[in-house]
Amino acid sequence: MKKLGQAAVLLPTIAIAVLVIMSIYIYAGWYDIGADRPHWRITTSVIEMLRTRSIERRAAEIKVPDLTNQQLILKGAGQYAAMCTQCHLAPGKSDSEIRPGLYPQPPELSKIRVDPRIAFWVTKHGVKMSGMPAWGRGHDDATLWSIVAFVNKLPGMTPEQYKDIVSRAPPDEEMEGMEGAKASSDASAGRKKSETPATAPMNGMQGMR
Ligand code: HEC
């Protein structure tokens with residue numbers, strides 16, 4: 001009985017002491033938040049578990065559309081080259097200005113295979129406190145799926161294949177412009193002029209509006 005009484009006093013006292021020490025630690029500014037100072041191993045494990053489980057749970061219900069559509073992959077190639085390579089690199093691109101300073105390090109998406117549901121969720125919503133942006137803020141799902149379709153093709157792609165597919169990609173613009181872009185790239189493919197990107201005239205027109 002006496003032991004129980006002691007515990008009833010001791011445990012809340014310890015809990016309050018821990019809270020006070022943590023508050024002082026945070027408020028005094030003792031924590032080094034610099035991105036060049038790695039976490040303790042235990043902190044890394046906890047964050048990784050938190051991240052993995054959170055994403056897996058949210059991605060589980062996502063329905064994956066047909067990702068083998070060539071137009072979709074082609075569109076995604078242009079988006080990827082414009083928005084993702086400075087952090088995630090690409091075949092033939094082994095470094096960038098920003099990547100060495102990022103913590104956590106963004107994975108090289110041509111060297112790992114990411115489940116399309118996870119790739120879609122992370123691309124749309126981003127990851128807090130990591131530098132991975134929520135691309136869903138400025139892009140609709142159709143565009144995000146095109147990026148995922150391309151990311152799905154990345155592993156094993158040679159630098160030559162990468163360069164070729166990016167050079168054939170339609171211009172970066174929203175869906176209303178897609179029809180035109182599609183038509184003109186179909187036309188140029190028909191004329192076997194696939195090296196000439198159909199972008200210049202369309203970009204010019206956009207700029208004039
Ligand atoms: C400013 C840097 C930055 C840019 C730009 C960026 N990312 Fe990321 N991305 C990250 C970081 C950092 C992580 C790792 C997050 C983590 O581990 O918590 C990440 C993680 C990911 C993952 C998860 C990979 C995995 O193994 O689970 C995917 C998929 C991804 N990014 C796709 C993209 C795509 C697609 C784009 C372009 C539309 C993009 N990212 C642009 C920084 C970036």
# chains A, B, ... in the order shown; residues from 1 in each chain; ligands from 1
$ select_by_dssp --residues "stretch 15-205 of chain A" --states "helix (DSSP H, G or I)" --output "number ranges by chain"
A: 15-27, 41-59, 70-83, 85-88, 99-101, 116-125, 135-137, 141-153, 159-167, 175-190, 199-205
$ residues_near_ligand --ligand "ligand 1" --cutoff "9 Å" --atoms "only C-alpha atoms and all ligand atoms" --output "number ranges by chain"
A: 47-48, 51-52, 55, 76, 79-88, 98-99, 102-109, 112-116, 118-124, 126-135, 144, 147-148, 150-151
$ closest_residue --among "A:Thr43, A:Met49, A:Lys111, A:Gly138" --to "A:Ala90" --atoms "only C-alpha atoms"
A:Lys111
$ closest_residue --among "A:Ala149, A:Val20, A:Ala142, A:Leu74" --to "A:Arg168" --atoms "only C-alpha atoms"
A:Leu74
$ closest_residue --among "A:Pro65, A:Gly78, A:Gly156, A:Gly136" --to "A:Ser110" --atoms "only C-alpha atoms"
A:Gly156
$ closest_residue --among "A:Ser54, A:Glu61, A:Gly101, A:Ala17" --to "A:Pro38" --atoms "only C-alpha atoms"
A:Gly101
$ atom_distance --atom1 "atom CA of A:Glu56" --atom2 "atom CA of A:Met157"
26.4 Å
$ closest_residue --among "A:Lys153, A:Ser146, A:Val166, A:Leu89" --to "A:Gln71" --atoms "only C-alpha atoms"
A:Ser146
$ atom_distance --atom1 "atom CA of A:Asn69" --atom2 "atom CA of A:Arg57"
27.3 Å
$ select_by_dssp --residues "stretch 87-136 of chain A" --states "strand (DSSP E or B)" --output "number ranges by chain"
A: 90, 93, 127, 132
